[in-house]
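Structure first, then comments.
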There are 2 protein chains.
Amino acid sequence: MTDDTRWLTARELQAWMRLEAVAELLPAALDHQLQRDADLSHYDYLVLAKLSEAPDRTLRMSGLAASTNATLPRLSHVAARLEARGFLTRTRDEGDRRATLATLTEEGWRKVVATAPSHVGEVRRLVVDRLTAEQVEQLDAIALAVLGALDPENRLQAQNPVVDPSDACGNEAG
Amino acid sequence: MTDDTRWLTARELQAWMRLEAVAELLPAALDHQLQRDADLSHYDYLVLAKLSEAPDRTLRMSGLAASTNATLPRLSHVAARLEARGFLTRTRDEGDRRATLATLTEEGWRKVVATAPSHVGEVRRLVVDRLTAEQVEQLDAIALAVLGALDPENRLQAQNPVVDPSDACGNEAG
DNA sequence: ACTTCCAGGTTGAAGCGTCAACCATTCGCT
DNA sequence: AGCGAATGGTTGACGCTTCAACCTGGAAGT
C-alpha cells in the first residue's frame with residue numbers, strides 16, 4: 001500500500017490541533033455560562049436571539065433552523081421545550097399550511113434581554129477581548145473560508161443584520 | 001436598569017457569528033466522515049491517535065483525557081466501548097495502583113493507520129487547504145489566544161510532538 | 001499504625017442530538 | 001382534475017455526554 005497521503009506539516013498540524021481544541025472547548029464553555037446564569041443551552045439562546053431580531057419576532061422553523069446552523073429535528077425538539085417553558089409559540093402558517101411559524105413571546109423577549117449582557121460578556125472574555133482588532137478581521141476571513149467548505153450551498157446564516165437588544169422595550173427590528 | 005454592557009461592534013459580531021458557525025459545523029462534519037469511513041466518532045479517533053503516538057502506545061486515563069480535551073467520565077465510557085471492540089486494553093498501573101493504563105492493541109494500531117489518510121484528507125479539504133500559509137499561522141495564534149481563556153491552567157494538550165503514522169509497521173514513537 | 005483527605009476511575013441516570021420513519025401540504029406534469 | 005414527487009415538520013428510538021455518587025489506593029499528619 002503506497003502512501004500518497006499529503007500529511008500535515010508541523011505548522012499546519014499545530015494550528016489544526018489548536019483549532020480542534022477550541023472547537024471542543026468553546027461550545028462547552030458557552031453552554032456552562034448560559035446554563036448557570038439563565039438555565040439555557042447555548043443553542044436555546046441562539047434560537048431566542050434569532051427570533052428577537054426577526055420581523056414580528058417570528059420565523060419559519062426551516063429558516064430558523066438554517067440561521068442557527070441546525071437540523072430541523074433538532075430545532076423541533078428544542079422549540080418544543082422552549083414552548084413548554086413559555087418562551088415561544090408555534091402556529092401554522094396560513095400562507096403555506098405545511099410551514100410552522102415560531103414567535104417569541106413577551107416572556108421570551110424579556111429572557112433574551114436579561115440574558116444577553118452576561119452572554120456578550122462571556123464572548124468578550126473568552127474570545128473577542130483576547131484578540132487584537134487585526135486578529136478579529138483575520139478570524140473573520142479564516143472562518144469565512146472554512147464555512148465555504150462546511151456549508152457549500154450557503155444555506156446558513158451569514159447575511160442578517162443584527163439588532164442591539166439593549167434598546168429593549170418593544171422594538172420590532174423590522 | 002442602566003446598560004453598561006460593552007456590545008460587540010459590527011465587525012466583532014460578524015467574526016463571532018462565523019466562529020460560532022464553524023464551532024457548530026466542523027465537529028459534525030468530522031464526525032460524519034469518520035463515522036462513514038471507519039465507524040468511529042471524531043473523539044474515538046482522537047483517542048486512538050493519541051495512544052498511537054505515545055511511548056509503548058500506552059497512556060494513563062487521566063493523561064489521555066487531558067490530551068484529548070475531555071472529562072474523565074467521557075473517556076471512561078469511550079474507552080469501554082473501544083475496549084469492547086478490541087482496539088485497546090485497560091490494565092492497572094502497578095506503580096500507582098489507582099491509575100489505569102490504556103494500551104492500543106495491534107488491531108487498534110491497524111485501525112489508526114487505515115483511517116488516518118482519509119481523515120487527514122478531510123481536514124485538508126475542510127480547513128487547511130482553504131487557507132493560505134499566512135492564514136494558517138494567524139489561525140494558530142488566534143486559537144492559542146482563545147485557548148488561554150478556555151484552558152487557563154493549560155492542563156490540556158498543546159505540547160506533544162506528533163508522529164507521522166505513515167511509517168507504520170511497529171514504530172514506538174518513544 | 002490510624003485517621004483524614006485527595007487523586008484516579010468507574011458507574012448509572014438524565015438530557016440532548018441524530019437518524020429514520022412518518023404525516024400533511026403543495027408543486028409539477030399530463 | 002389527478003397522480004407522483006418534493007417540501008415542511010414532528011415523533012420515537014438510540015447513542016453519547018454530563019453530572020453526581022461512589023469506590024479504591026496513596027499521602028500527609030499525628
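Following the order of the C-alpha cells, chains are lettered A, B, ..., residues in each are numbered from 1, and ligands are numbered from 1.
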
Can you build me a table of chain B residues sitting at most 8 Å from chain D, with the closest atom pair per residue and its distance in Å to one decimal, using only C-alpha atoms (C1' of nucleotides), sorted by chain and residue number, as a Markdown table?
| residue | atom | partner | partner_atom | distance |
| --- | --- | --- | --- | --- |
| B:Arg74 | CA | D:DT17 | C1' | 6.5 |
| B:Asp96 | CA | D:DG26 | C1' | 7.8 |
| B:Arg97 | CA | D:DG25 | C1' | 6.2 |
| B:Arg98 | CA | D:DG25 | C1' | 5.1 |

Export of the given selection (N, CA and C atoms) as a compact mmCIF listing (two decimals), in the first residue's frame:
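Output file part05.txt follows:
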# COMPACT_ATOMS: atom_id res chain seq x y z
N ARG B 74 -16.22 10.89 30.43
CA ARG B 74 -16.40 10.71 28.99
C ARG B 74 -15.41 9.70 28.45
N ASP B 96 1.32 2.97 40.43
CA ASP B 96 0.32 3.68 41.24
C ASP B 96 -1.00 2.97 41.00
N ARG B 97 -1.36 2.12 41.93
CA ARG B 97 -2.47 1.19 41.69
C ARG B 97 -3.83 1.86 41.64
N ARG B 98 -3.88 3.19 41.77
CA ARG B 98 -5.13 3.88 41.50
C ARG B 98 -5.33 4.05 39.99

Could the residues of chain B within 6 Å of chain A, counting only C-alpha atoms, be given as a PDB file with C-alpha atoms, in the first residue's frame, please?
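For reference, result-v7.pdb as written:
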ATOM      1  CA  THR B   5     -22.726  46.324  28.606  1.00  0.00           C
ATOM      2  CA  ALA B  15     -16.413  37.387  13.153  1.00  0.00           C
ATOM      3  CA  ARG B  18     -18.818  32.938  11.878  1.00  0.00           C
ATOM      4  CA  LEU B  19     -16.674  31.364  14.538  1.00  0.00           C
ATOM      5  CA  ALA B  23     -17.576  25.560  16.031  1.00  0.00           C
ATOM      6  CA  PRO B 117      -5.221   9.123   5.421  1.00  0.00           C
ATOM      7  CA  LEU B 126     -12.370  21.479   5.136  1.00  0.00           C
ATOM      8  CA  VAL B 127      -9.702  23.668   6.656  1.00  0.00           C
ATOM      9  CA  ASP B 140      -2.543  29.184  15.165  1.00  0.00           C
ATOM     10  CA  ALA B 143      -6.539  29.680  18.628  1.00  0.00           C
ATOM     11  CA  VAL B 146      -8.510  31.758  22.862  1.00  0.00           C
ATOM     12  CA  ALA B 149      -9.069  31.707  28.276  1.00  0.00           C
TER      13      ALA B 149
END

TODO: Report as a PyMOL selection string the set of chain C residues whose atoms approach chain A to within 9 Å, with distances computed over only C-alpha atoms (C1' of nucleotides).
DONE: chain C and resi 16-18+24-26

- [ ] Skip Leu59 in chain A itself and residues of its chain fewer than 3 positions away, then list as a VMD selection string all residues within 7 Å of it, counting only C-alpha atoms (C1' of nucleotides).
- [x] chain A and resid 51 54 63 to 64 101 to 103

Task: Those of chain A in DSSP alpha helix (DSSP H), formatted as a PyMOL selection string - done: chain A and resi 10-38+42-53+61-67+72-84+106-126+133-150
